[in-house]
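Note: the block below is structure_20.tsv and it holds TSV, C-alpha atoms.
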```tsv
chain	number	residue	atom	x	y	z
W	459	MET	CA	-35.65	-16.78	-45.92
W	460	ARG	CA	-37.01	-13.29	-45.78
W	461	TYR	CA	-35.46	-12.83	-42.34
W	462	VAL	CA	-32.11	-14.15	-43.48
W	463	ARG	CA	-32.09	-11.55	-46.25
W	464	LEU	CA	-33.14	-8.83	-43.82
W	465	PHE	CA	-30.45	-9.89	-41.39
W	466	ALA	CA	-27.82	-9.73	-44.14
W	467	LEU	CA	-29.07	-6.28	-45.11
W	468	PHE	CA	-28.86	-4.97	-41.55
W	469	LEU	CA	-25.42	-6.50	-41.16
W	470	LYS	CA	-24.21	-4.74	-44.29
W	471	ALA	CA	-25.71	-1.41	-43.18
W	472	SER	CA	-24.15	-1.64	-39.72
W	473	PHE	CA	-20.79	-2.53	-41.21
W	474	LEU	CA	-20.94	0.46	-43.57
W	475	VAL	CA	-21.82	2.78	-40.67
W	476	GLU	CA	-18.79	1.44	-38.78
W	477	LEU	CA	-16.53	1.97	-41.80
W	478	GLU	CA	-17.81	5.49	-42.31
W	479	TYR	CA	-15.83	6.79	-39.34
W	480	ARG	CA	-12.44	5.52	-40.51
W	481	ALA	CA	-10.17	6.63	-37.68
W	482	ASN	CA	-12.67	5.32	-35.15
W	483	PHE	CA	-12.87	1.99	-37.00
W	484	ALA	CA	-9.08	1.66	-37.09
W	485	ALA	CA	-8.90	2.39	-33.36
W	486	ARG	CA	-11.62	-0.18	-32.64
W	487	ALA	CA	-9.79	-2.85	-34.65
W	488	MET	CA	-6.54	-2.00	-32.86
W	489	VAL	CA	-8.22	-2.26	-29.44
W	490	SER	CA	-9.56	-5.73	-30.28
W	491	VAL	CA	-6.10	-6.97	-31.24
W	492	CYS	CA	-4.50	-5.32	-28.21
W	493	TRP	CA	-6.90	-7.00	-25.77
W	494	ALA	CA	-5.59	-10.37	-26.92
W	495	GLY	CA	-2.08	-9.14	-26.12
W	496	VAL	CA	-3.26	-7.85	-22.74
W	497	THR	CA	-4.69	-11.27	-21.91
W	498	LEU	CA	-1.27	-12.84	-22.56
W	499	ALA	CA	0.63	-10.10	-20.71
W	500	GLY	CA	-1.78	-10.33	-17.76
W	501	ALA	CA	-1.28	-14.09	-17.53
W	502	GLY	CA	2.47	-13.42	-17.74
W	503	VAL	CA	2.28	-11.08	-14.73
W	504	PHE	CA	0.18	-13.55	-12.72
W	505	TYR	CA	2.48	-16.50	-13.44
W	506	SER	CA	5.66	-14.53	-12.74
W	507	HIS	CA	4.68	-14.82	-9.06
W	508	THR	CA	3.43	-18.40	-8.93
W	509	GLU	CA	3.65	-21.80	-10.67
W	510	THR	CA	-0.05	-22.64	-10.61
W	511	ILE	CA	-3.38	-20.80	-10.14
W	512	GLY	CA	-6.21	-23.07	-9.03
W	513	GLY	CA	-4.05	-26.03	-10.06
W	514	TRP	CA	-3.45	-24.72	-13.59
W	515	THR	CA	0.03	-24.01	-14.91
W	516	PHE	CA	0.77	-21.17	-17.35
W	517	ASN	CA	0.80	-23.57	-20.30
W	518	GLU	CA	-2.49	-25.12	-19.30
W	519	ALA	CA	-4.13	-21.73	-18.82
W	520	LEU	CA	-2.99	-20.54	-22.25
W	521	GLY	CA	-3.36	-23.91	-23.96
W	522	ASN	CA	-7.06	-23.93	-23.31
W	523	CYS	CA	-7.69	-20.80	-25.34
W	524	LEU	CA	-4.64	-20.84	-27.63
W	525	PRO	CA	-3.56	-24.42	-28.37
W	526	PHE	CA	-0.68	-23.31	-30.61
W	527	LEU	CA	0.96	-21.48	-27.68
W	528	ARG	CA	1.00	-24.62	-25.55
W	529	GLU	CA	4.79	-24.87	-25.60
W	530	VAL	CA	5.54	-21.21	-24.86
W	531	ARG	CA	7.26	-22.08	-21.62
S	1176	MET	CA	-20.01	30.77	-11.60
S	1177	LEU	CA	-21.05	29.23	-8.28
S	1178	SER	CA	-24.75	29.79	-8.90
S	1179	LYS	CA	-24.39	28.35	-12.42
S	1180	TYR	CA	-22.71	25.28	-10.91
S	1181	LEU	CA	-25.41	24.92	-8.26
S	1182	SER	CA	-28.21	24.95	-10.81
S	1183	LEU	CA	-26.32	22.53	-13.11
S	1184	MET	CA	-25.73	20.25	-10.11
S	1185	ARG	CA	-29.43	20.33	-9.20
S	1186	LEU	CA	-30.39	19.52	-12.79
S	1187	ASN	CA	-27.92	16.63	-13.08
S	1188	TRP	CA	-28.71	15.25	-9.64
S	1189	GLY	CA	-32.33	15.02	-10.75
S	1190	LEU	CA	-31.23	13.17	-13.89
S	1191	SER	CA	-29.07	10.77	-11.87
S	1192	LEU	CA	-31.97	9.97	-9.55
S	1193	GLU	CA	-34.33	9.56	-12.50
S	1194	TYR	CA	-32.09	6.87	-14.02
S	1195	ARG	CA	-30.85	5.40	-10.73
S	1196	ALA	CA	-31.06	1.77	-11.90
S	1197	GLU	CA	-28.51	2.64	-14.57
S	1198	GLY	CA	-26.08	3.79	-11.88
S	1199	PHE	CA	-26.45	0.44	-10.14
S	1200	ILE	CA	-25.80	-1.49	-13.35
S	1201	TRP	CA	-22.67	0.57	-14.10
S	1202	LEU	CA	-21.49	-0.28	-10.60
S	1203	MET	CA	-21.81	-3.98	-11.46
S	1204	THR	CA	-19.37	-3.55	-14.36
S	1205	ASN	CA	-16.68	-3.13	-11.70
S	1206	MET	CA	-16.88	-6.87	-11.15
S	1207	PHE	CA	-13.52	-6.96	-12.95
S	1208	ASN	CA	-11.89	-5.56	-9.78
S	1209	VAL	CA	-13.38	-8.41	-7.74
S	1210	ILE	CA	-12.27	-11.05	-10.26
S	1211	MET	CA	-8.70	-9.69	-10.25
S	1212	LEU	CA	-8.82	-9.70	-6.44
S	1213	LEU	CA	-9.79	-13.41	-6.49
S	1214	VAL	CA	-6.89	-14.21	-8.84
S	1215	TRP	CA	-4.38	-12.46	-6.57
S	1216	LEU	CA	-5.90	-14.09	-3.46
S	1217	SER	CA	-5.33	-17.46	-5.10
S	1218	ILE	CA	-1.70	-16.53	-5.88
S	1219	SER	CA	-1.02	-15.13	-2.39
S	1220	ARG	CA	-2.40	-18.22	-0.62
S	1221	ALA	CA	1.12	-19.65	-0.37
S	1222	GLY	CA	2.51	-16.45	1.15
S	1223	PRO	CA	2.95	-12.70	0.56
S	1224	VAL	CA	3.60	-11.62	-3.04
S	1225	ASN	CA	6.09	-8.73	-3.39
S	1226	GLY	CA	5.14	-7.53	0.08
S	1227	PHE	CA	1.35	-7.98	-0.41
S	1228	SER	CA	-0.40	-10.36	1.99
S	1229	SER	CA	-3.90	-11.66	1.19
S	1230	ALA	CA	-5.39	-8.97	3.46
S	1231	ASP	CA	-3.35	-6.32	1.62
S	1232	PHE	CA	-4.84	-7.46	-1.70
S	1233	VAL	CA	-8.36	-7.21	-0.22
S	1234	ALA	CA	-7.62	-3.69	1.08
S	1235	TYR	CA	-5.96	-2.66	-2.20
S	1236	TYR	CA	-8.82	-3.80	-4.41
S	1237	MET	CA	-11.58	-2.53	-2.11
S	1238	ILE	CA	-10.03	0.94	-1.85
S	1239	GLY	CA	-9.39	0.59	-5.59
S	1240	LEU	CA	-13.13	0.08	-6.17
S	1241	ILE	CA	-13.89	3.38	-4.42
S	1242	VAL	CA	-11.12	5.25	-6.25
S	1243	ARG	CA	-12.19	3.77	-9.58
S	1244	GLN	CA	-15.78	4.87	-9.01
S	1245	LEU	CA	-14.77	8.34	-7.81
S	1246	THR	CA	-12.50	8.89	-10.81
S	1247	ALA	CA	-14.64	7.31	-13.55
S	1248	ALA	CA	-15.45	9.59	-16.51
S	1249	TRP	CA	-17.45	9.03	-19.66
S	1250	SER	CA	-17.79	12.54	-21.12
S	1251	SER	CA	-15.93	11.48	-24.30
S	1252	TRP	CA	-19.00	9.38	-25.23
S	1253	GLU	CA	-21.38	12.25	-24.55
S	1254	LEU	CA	-19.17	14.73	-26.40
S	1255	SER	CA	-18.55	12.39	-29.33
S	1256	PHE	CA	-22.28	11.84	-29.89
S	1257	ALA	CA	-23.09	15.51	-29.22
S	1258	ILE	CA	-20.64	16.43	-31.99
S	1259	SER	CA	-21.70	13.78	-34.50
S	1260	GLU	CA	-25.43	14.36	-33.97
S	1261	GLY	CA	-25.15	18.13	-33.74
S	1262	ARG	CA	-26.55	18.27	-30.21
S	1263	LEU	CA	-23.52	20.37	-29.23
S	1264	SER	CA	-24.92	23.40	-31.07
S	1265	PRO	CA	-27.44	24.53	-28.39
S	1266	GLN	CA	-24.80	23.93	-25.70
S	1267	LEU	CA	-22.42	26.27	-27.51
S	1268	LEU	CA	-25.04	29.05	-27.29
S	1269	ARG	CA	-25.10	28.90	-23.49
S	1270	PRO	CA	-22.98	31.45	-21.59
S	1271	ILE	CA	-20.93	28.62	-20.08
S	1272	HIS	CA	-18.40	26.16	-21.57
S	1273	PRO	CA	-20.02	22.75	-22.37
S	1274	ILE	CA	-17.39	21.02	-20.18
S	1275	HIS	CA	-19.19	22.28	-17.04
S	1276	GLN	CA	-22.32	20.36	-17.97
S	1277	GLU	CA	-20.21	17.19	-18.17
S	1278	ILE	CA	-18.39	17.95	-14.90
S	1279	THR	CA	-21.62	18.38	-12.94
S	1280	ALA	CA	-23.21	15.30	-14.56
S	1281	ASN	CA	-20.13	13.36	-13.48
S	1282	TRP	CA	-20.22	14.61	-9.88
S	1283	SER	CA	-23.91	14.01	-9.27
S	1284	GLU	CA	-23.61	10.43	-10.59
S	1285	LYS	CA	-20.70	9.95	-8.15
S	1286	VAL	CA	-22.81	10.97	-5.15
S	1287	LEU	CA	-25.43	8.39	-6.09
S	1288	ARG	CA	-22.97	5.54	-6.71
S	1289	MET	CA	-21.04	6.21	-3.49
S	1290	THR	CA	-24.19	5.75	-1.41
S	1291	LEU	CA	-24.47	2.25	-2.95
S	1292	LEU	CA	-20.78	1.33	-2.89
S	1293	LEU	CA	-19.44	2.67	0.43
S	1294	PRO	CA	-21.49	0.34	2.70
S	1295	ILE	CA	-20.40	-2.74	0.70
S	1296	VAL	CA	-16.70	-1.79	0.77
S	1297	ALA	CA	-16.85	-0.86	4.47
S	1298	ALA	CA	-18.44	-4.22	5.32
S	1299	VAL	CA	-15.76	-6.19	3.40
S	1300	LEU	CA	-12.92	-4.20	4.99
S	1301	ILE	CA	-14.31	-4.68	8.50
S	1302	LEU	CA	-15.11	-8.39	8.09
S	1303	THR	CA	-11.74	-9.35	6.53
S	1304	PRO	CA	-9.22	-10.20	9.26
S	1305	GLY	CA	-5.80	-8.53	9.09
S	1306	VAL	CA	-6.73	-5.57	6.90
S	1307	SER	CA	-4.61	-2.58	7.86
S	1308	LEU	CA	-5.20	0.86	6.40
S	1309	HIS	CA	-2.98	3.85	6.98
S	1310	VAL	CA	-5.41	6.35	8.54
S	1311	THR	CA	-4.02	9.60	9.91
S	1312	PRO	CA	-5.22	13.17	9.31
S	1313	ALA	CA	-2.24	13.69	6.95
S	1314	SER	CA	-2.87	10.46	5.01
S	1315	LEU	CA	-6.58	11.25	4.65
S	1316	LEU	CA	-5.70	14.68	3.29
S	1317	THR	CA	-3.12	13.36	0.82
S	1318	PHE	CA	-5.57	10.60	-0.19
S	1319	ALA	CA	-8.21	13.26	-0.94
S	1320	VAL	CA	-5.71	15.37	-2.91
S	1321	SER	CA	-4.57	12.33	-4.90
S	1322	VAL	CA	-8.16	11.29	-5.70
S	1323	ALA	CA	-8.93	14.84	-6.85
S	1324	GLY	CA	-5.82	14.69	-9.05
S	1325	ALA	CA	-6.75	11.24	-10.36
S	1326	TRP	CA	-10.26	12.39	-11.25
S	1327	THR	CA	-8.95	15.50	-13.01
S	1328	ILE	CA	-6.34	13.55	-15.02
S	1329	TYR	CA	-8.81	10.96	-16.25
S	1330	PHE	CA	-11.63	13.43	-16.83
S	1331	LEU	CA	-9.42	15.79	-18.86
S	1332	ALA	CA	-7.77	12.96	-20.83
S	1333	ASP	CA	-11.23	11.54	-21.57
S	1334	TYR	CA	-12.55	14.97	-22.58
S	1335	CYS	CA	-9.57	15.43	-24.93
S	1336	VAL	CA	-10.48	12.09	-26.51
S	1337	GLY	CA	-14.04	13.34	-27.00
S	1338	ILE	CA	-12.75	16.54	-28.64
S	1339	LEU	CA	-11.09	14.36	-31.32
S	1340	ALA	CA	-14.62	13.79	-32.67
S	1341	PHE	CA	-14.45	17.36	-34.09
S	1342	TRP	CA	-12.09	15.86	-36.69
S	1343	THR	CA	-13.10	12.19	-36.81
S	1344	THR	CA	-16.88	12.64	-36.16
S	1345	GLN	CA	-16.90	9.53	-33.95
S	1346	ALA	CA	-14.40	9.09	-31.10
S	1347	THR	CA	-15.88	6.33	-28.92
S	1348	ALA	CA	-13.22	3.78	-29.93
S	1349	PHE	CA	-10.47	6.15	-28.79
S	1350	SER	CA	-12.05	6.30	-25.35
S	1351	ASN	CA	-11.86	2.49	-25.26
S	1352	VAL	CA	-8.10	2.83	-25.81
S	1353	LEU	CA	-7.79	5.22	-22.86
S	1354	TYR	CA	-10.01	3.01	-20.68
S	1355	GLY	CA	-7.97	-0.08	-21.57
S	1356	LEU	CA	-4.71	1.66	-20.67
S	1357	LYS	CA	-6.18	2.65	-17.30
S	1358	ILE	CA	-7.34	-0.92	-16.57
S	1359	VAL	CA	-4.02	-2.52	-17.53
S	1360	LEU	CA	-1.42	0.07	-16.45
S	1361	GLY	CA	-3.45	1.96	-13.81
S	1362	GLY	CA	-3.43	-0.79	-11.22
S	1363	ILE	CA	-6.63	-2.81	-11.76
S	1364	LEU	CA	-5.20	-5.81	-13.61
S	1365	ALA	CA	-2.45	-5.95	-11.00
S	1366	PRO	CA	-1.02	-3.62	-8.33
S	1367	ILE	CA	1.92	-1.70	-9.84
S	1368	GLN	CA	4.35	-3.53	-7.50
S	1369	MET	CA	3.57	-6.81	-9.34
S	1370	PHE	CA	5.03	-5.61	-12.64
S	1371	PRO	CA	8.71	-6.15	-13.60
S	1372	PRO	CA	10.97	-3.39	-12.18
S	1373	ALA	CA	11.60	-1.81	-15.61
S	1374	VAL	CA	7.84	-1.43	-16.21
S	1375	GLN	CA	7.37	0.00	-12.72
S	1376	ALA	CA	10.08	2.61	-13.34
S	1377	LEU	CA	8.39	3.64	-16.59
S	1378	LEU	CA	4.94	3.84	-14.95
S	1379	GLU	CA	6.30	6.35	-12.41
S	1380	TRP	CA	6.32	8.92	-15.20
S	1381	LEU	CA	3.21	7.96	-17.21
S	1382	PRO	CA	-0.22	9.31	-16.21
S	1383	PHE	CA	-2.01	5.92	-15.85
S	1384	LYS	CA	-0.80	5.01	-12.36
S	1385	TYR	CA	-1.95	8.44	-11.16
S	1386	MET	CA	-5.48	7.74	-12.41
S	1387	LEU	CA	-5.96	5.02	-9.81
S	1388	ALA	CA	-3.23	2.95	-8.13
S	1389	PHE	CA	-1.42	5.91	-6.57
S	1390	SER	CA	-4.40	6.76	-4.34
S	1391	SER	CA	-4.80	3.13	-3.22
S	1392	GLU	CA	-1.09	3.02	-2.35
S	1393	ILE	CA	-1.52	6.10	-0.15
S	1394	ALA	CA	-4.47	4.50	1.64
S	1395	LEU	CA	-2.41	1.35	2.28
S	1396	GLY	CA	0.51	3.40	3.61
S	1397	GLN	CA	2.83	2.25	0.79
S	1398	ALA	CA	3.62	5.76	-0.44
S	1399	SER	CA	5.19	8.08	2.11
S	1400	GLY	CA	7.93	10.68	2.46
S	1401	GLU	CA	9.83	11.43	-0.72
S	1402	ARG	CA	7.92	8.83	-2.78
S	1403	LEU	CA	4.64	10.50	-1.84
S	1404	LEU	CA	5.84	13.99	-2.71
S	1405	PHE	CA	7.33	12.78	-6.01
S	1406	GLY	CA	4.03	11.07	-6.89
S	1407	LEU	CA	1.93	14.12	-6.09
S	1408	ALA	CA	4.28	16.34	-8.11
S	1409	VAL	CA	4.10	14.07	-11.19
S	1410	GLN	CA	0.33	13.71	-10.80
S	1411	TRP	CA	-0.37	17.44	-10.67
S	1412	ALA	CA	2.11	18.10	-13.47
S	1413	TRP	CA	-0.08	15.79	-15.60
S	1414	VAL	CA	-3.19	17.67	-14.45
S	1415	LEU	CA	-1.66	20.92	-15.67
S	1416	ALA	CA	-0.39	19.40	-18.94
S	1417	LEU	CA	-3.77	17.84	-19.77
S	1418	TRP	CA	-5.63	21.04	-18.90
S	1419	LEU	CA	-3.43	22.97	-21.34
S	1420	LEU	CA	-3.83	20.24	-23.97
S	1421	MET	CA	-7.62	20.36	-23.55
S	1422	GLN	CA	-7.67	24.14	-24.04
S	1423	VAL	CA	-5.57	23.92	-27.21
S	1424	LEU	CA	-7.51	20.98	-28.68
S	1425	TRP	CA	-10.85	22.64	-27.97
S	1426	ARG	CA	-9.85	25.88	-29.68
S	1427	LEU	CA	-8.53	24.06	-32.74
S	1428	GLY	CA	-11.36	21.55	-32.82
S	1429	ILE	CA	-14.27	23.96	-32.50
S	1430	ARG	CA	-13.21	25.48	-35.84
S	1431	SER	CA	-13.83	22.13	-37.53
S	1432	TYR	CA	-17.27	21.66	-35.91
S	1433	GLY	CA	-19.81	20.89	-38.63
S	1434	ALA	CA	-22.82	19.48	-36.70
S	1435	VAL	CA	-23.10	16.75	-39.35
S	1436	GLY	CA	-26.13	15.20	-37.68
S	1437	ALA	CA	-25.20	11.61	-38.59
```
Could the structure of this file be written out as structure tokens, please?
Amino acid sequence: MRYVRLFALFLKASFLVELEYRANFAARAMVSVCWAGVTLAGAGVFYSHTETIGGWTFNEALGNCLPFLREVR
Amino acid sequence: MLSKYLSLMRLNWGLSLEYRAEGFIWLMTNMFNVIMLLVWLSISRAGPVNGFSSADFVAYYMIGLIVRQLTAAWSSWELSFAISEGRLSPQLLRPIHPIHQEITANWSEKVLRMTLLLPIVAAVLILTPGVSLHVTPASLLTFAVSVAGAWTIYFLADYCVGILAFWTTQATAFSNVLYGLKIVLGGILAPIQMFPPAVQALLEWLPFKYMLAFSSEIALGQASGERLLFGLAVQWAWVLALWLLMQVLWRLGIRSYGAVGA
């Protein structure tokens, strides 16, 4: 229990340190969101040249990580 | 200036050798190039893709590995922490701009990593059947000029990002933005020729292609004549623009330097 409390304390401290540098924090959050977009765009570029990669179609490749996008194409 | 550079080089070469395992581990982070190569090899199994055969993809990504290593820069991290922790103060007292310390640290690390990387790349290029590189005295010279331009563009852009820490105290996340743009638009995720034509036309004018893919295209003989001259002109225009930007940002930023030590 002591370690759980310590862990929570460290987590809070680290989070506050992150928040302290606001512009940096905003940029970091933006990068995280953008990488998700890059993953989709990258798959889009790959599948614009082929139907399947290693036997997987575009929908299957996306569906495995993003089930709600299964019917994109 | 030359003697200052020589002594800084000697100092940083010693540091690179001291932490040589680190150089090897950073080299391993380039696995992304190899993974992208495997994806494109899988796609090109059925036949050439936009003029790229399987052997072309191998050549593109292997030359790309060398260019990526030669043009890598990380001074924004060093500068960002030097500003936030106040370690920049003693550097400002030296009779030489702090950027020269970063330049020589960058170069000496390159020498070390090339000795590890070149044999691997050479072996892959020799053992892969059908690889054709465009090797003439003129192409070697333009390749060298383009790599020098690519290094300068990325180094200066990265240094400008580090200078932002004068205002924001911490700038490491901004350097992730720049790095991400290079990976996606610079020709690592995919060769530029794989993008839709509208994106390709836009990338002709943006700096990212000239941080990486442009040099690989020269080595593969895909950029020649007018295309080559146009590329070199745009690349060195970006070098000049970023150099001016760096000068302006530095002069404005240094006024806000507070050595917060946090």
Go ahead and find all residues with at least one atom no further than 6 Å from (4.0, -18.2, -5.2) in the file's coordinates, using all atoms listed in the file; report them as a short mmCIF file (atom, residue, chain, number, x, y, z; two decimals) with C-alpha atoms, keeping the file's coordinate frame.
```
data_model
loop_
_atom_site.label_atom_id
_atom_site.label_comp_id
_atom_site.auth_asym_id
_atom_site.auth_seq_id
_atom_site.Cartn_x
_atom_site.Cartn_y
_atom_site.Cartn_z
CA HIS W 507 4.68 -14.82 -9.06
CA THR W 508 3.43 -18.40 -8.93
CA ILE S 1218 -1.70 -16.53 -5.88
CA ALA S 1221 1.12 -19.65 -0.37
#
```
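In this model, the gap between atom CA of Ser472 of chain W and atom CA of Thr497 of chain W comes to 28.1 Å.
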Which of S:Ala1365, S:Leu1403, S:Val1336, S:Leu1302 sits closest to chain W [using all atoms listed in the file]: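 With all atoms listed in the file as the atom set, the closest residue is S:Ala1365.
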Selection: 9 Å around Tyr1334 of chain S, all atoms listed in the file, excl. self and same-chain fewer than 2 positions, as a ChimeraX atom specification: /S:1248-1252,1254,1274,1329-1332,1336-1339,1421
Could you save those same residues with C-alpha atoms as a CSV table (one decimal), in the frame of the given file?
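The resulting file, part.csv, is reproduced below:
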```
chain,number,residue,atom,x,y,z
S,1248,ALA,CA,-15.4,9.6,-16.5
S,1249,TRP,CA,-17.4,9.0,-19.7
S,1250,SER,CA,-17.8,12.5,-21.1
S,1251,SER,CA,-15.9,11.5,-24.3
S,1252,TRP,CA,-19.0,9.4,-25.2
S,1254,LEU,CA,-19.2,14.7,-26.4
S,1274,ILE,CA,-17.4,21.0,-20.2
S,1329,TYR,CA,-8.8,11.0,-16.2
S,1330,PHE,CA,-11.6,13.4,-16.8
S,1331,LEU,CA,-9.4,15.8,-18.9
S,1332,ALA,CA,-7.8,13.0,-20.8
S,1336,VAL,CA,-10.5,12.1,-26.5
S,1337,GLY,CA,-14.0,13.3,-27.0
S,1338,ILE,CA,-12.8,16.5,-28.6
S,1339,LEU,CA,-11.1,14.4,-31.3
S,1421,MET,CA,-7.6,20.4,-23.6
```
Within 9 Å of chain W: residues of chain S, using all atoms listed in the file, as an MDAnalysis selection string: chainID S and resid 1214:1215 1217:1219 1221 1224:1225 1343:1349 1351:1352 1355 1359 1364:1365 1369:1371
Which residue of S:Thr1246, S:Asn1281, S:Ser1431, S:Ser1391 approaches Phe1232 of chain S most closely, using only C-alpha atoms: S:Ser1391
Among listed residues S:Leu1213, S:Ser1399, S:Tyr1180, S:Ala1340, nearest Ala1257 of chain S (using only C-alpha atoms):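 Checking each of S:Leu1213, S:Ser1399, S:Tyr1180, S:Ala1340 against Ala1257 of chain S, counting only C-alpha atoms, the winner is S:Ala1340.
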Nearest-residue call for Ile1200 of chain S, choices S:Phe1227, S:Met1237, S:Glu1392, S:Arg1288, using only C-alpha atoms: S:Arg1288
Atom CA of Ala1280 of chain S to atom CA of Phe1256 of chain S, straight-line distance in Å: 15.7 Å
Point-to-point distance from atom CA of Gly521 of chain W to atom CA of Arg1220 of chain S, Å rounded to tenths: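 Going from atom CA of Gly521 of chain W over to atom CA of Arg1220 of chain S, I get 24.0 Å.
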Shell of 12 Å around Thr1204 of chain S, all atoms listed in the file, local chain residues under 5 positions omitted, as a list in words: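 After dropping sequence-adjacent residues, the list is Glu1197, Gly1198, Phe1199, Val1209, Ile1210, Leu1240, Arg1243, Gln1244 and Ala1247 of chain S.
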Mind writing the picked residues with C-alpha atoms as a CSV table (one decimal), in the coordinates of the input?
```csv
chain,number,residue,atom,x,y,z
S,1197,GLU,CA,-28.5,2.6,-14.6
S,1198,GLY,CA,-26.1,3.8,-11.9
S,1199,PHE,CA,-26.4,0.4,-10.1
S,1209,VAL,CA,-13.4,-8.4,-7.7
S,1210,ILE,CA,-12.3,-11.0,-10.3
S,1240,LEU,CA,-13.1,0.1,-6.2
S,1243,ARG,CA,-12.2,3.8,-9.6
S,1244,GLN,CA,-15.8,4.9,-9.0
S,1247,ALA,CA,-14.6,7.3,-13.6
```
Kindly list the centre and edge lengths in Å, rounded to one decimal, for the axis-aligned box that covers all listed atoms of segment 1276-1281 of chain S plus 3 Å on each of its six sides, as JSON.
```
{"center_x": -20.8, "center_y": 16.9, "center_z": -15.6, "size_x": 10.8, "size_y": 13.0, "size_z": 11.2}
```
Selection near Ile1241 of chain S, 12 Å with only C-alpha atoms, sequence-local residues under 3 positions removed, as a PyMOL selection string: chain S and resi 1202+1205+1208+1234-1238+1244-1247+1285-1286+1288-1297+1318-1319+1322+1326+1387-1388+1390-1391+1394
